[in-house]
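See structure below.
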Amino acid sequence: EGLLREATLRQHELEHARKELRELHGVERAGRETAAAQYDRLNAQCESLTRQLQERQREADVLDERCKRLDEALRVKTVESERALEDADARRKSTESKVDKALEDGSALKEELRANAVVETKLRERIAGLEAEENRLRQELFRAQSLADE
């Protein structure tokens with residue numbers, strides 16, 4: 001009887017240990033399934049993030065290329081603007097030089113006109129004097145002819 005009892009007790013302990021073992025296997029299986037599901041979820045998340053990162057990298061590459069094109073266009077525009085400024089400055093200097101020469105020529109012409117006006121005045125005075133002399137000489141000639149006719 002003691003042996004039977006001990007065998008029964010061992011039998012219950014063995015059943016209890018098997019039950020605990022089954023429960024542990026169930027918990028382990030559930031843990032593995034949960035871990036596998038979590039792994040799959042995290043793996044999918046990782047793949048999604050990798051795709052997003054690749055897309056962002058492509059966008060960054062496109063923007064980088066666009067920035068390079070814009071920088072080049074800006075450089076070209078800057079060079080063109082500097083060239084246009086240099087050309088405009090050269091034209092301005094040339095125009096200023098032409099204006100200065102025209103002013104000098106204008107001053108010279110003004111002086112020449114003044115000198116010509118003085119000469120013209122003297123010539124008119126001389127012509128008026130000569131015409132007066134001519135008139136006087138004609139009158140004398142007419143007088144002389146009238147005297148000679150008489």
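Each chain in the structure tokens gets a letter, A, B, ..., in the order shown, and its residues are numbered from 1; ligands are numbered from 1 in order too.
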With a cut-off of 12 Å, could you pull out the residues of region 113-150 of chain A touching region 85-109 of chain A and give me the nearest pair of atoms for each, distance in Å to one decimal, using only C-alpha atoms, ordered by chain and ascending number, as CSV?
residue,atom,partner,partner_atom,distance
A:Leu113,CA,A:Leu109,CA,6.0
A:Arg114,CA,A:Leu109,CA,8.5
A:Ala115,CA,A:Leu109,CA,9.6
A:Asn116,CA,A:Leu109,CA,10.0
A:Ala117,CA,A:Leu109,CA,11.8
Distance of CA of Ala36 (chain A) from CA of Glu55 (chain A), expressed in Å to one decimal place: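 Result for CA of Glu55 (chain A) versus CA of Ala36 (chain A): 28.0 Å, one decimal.
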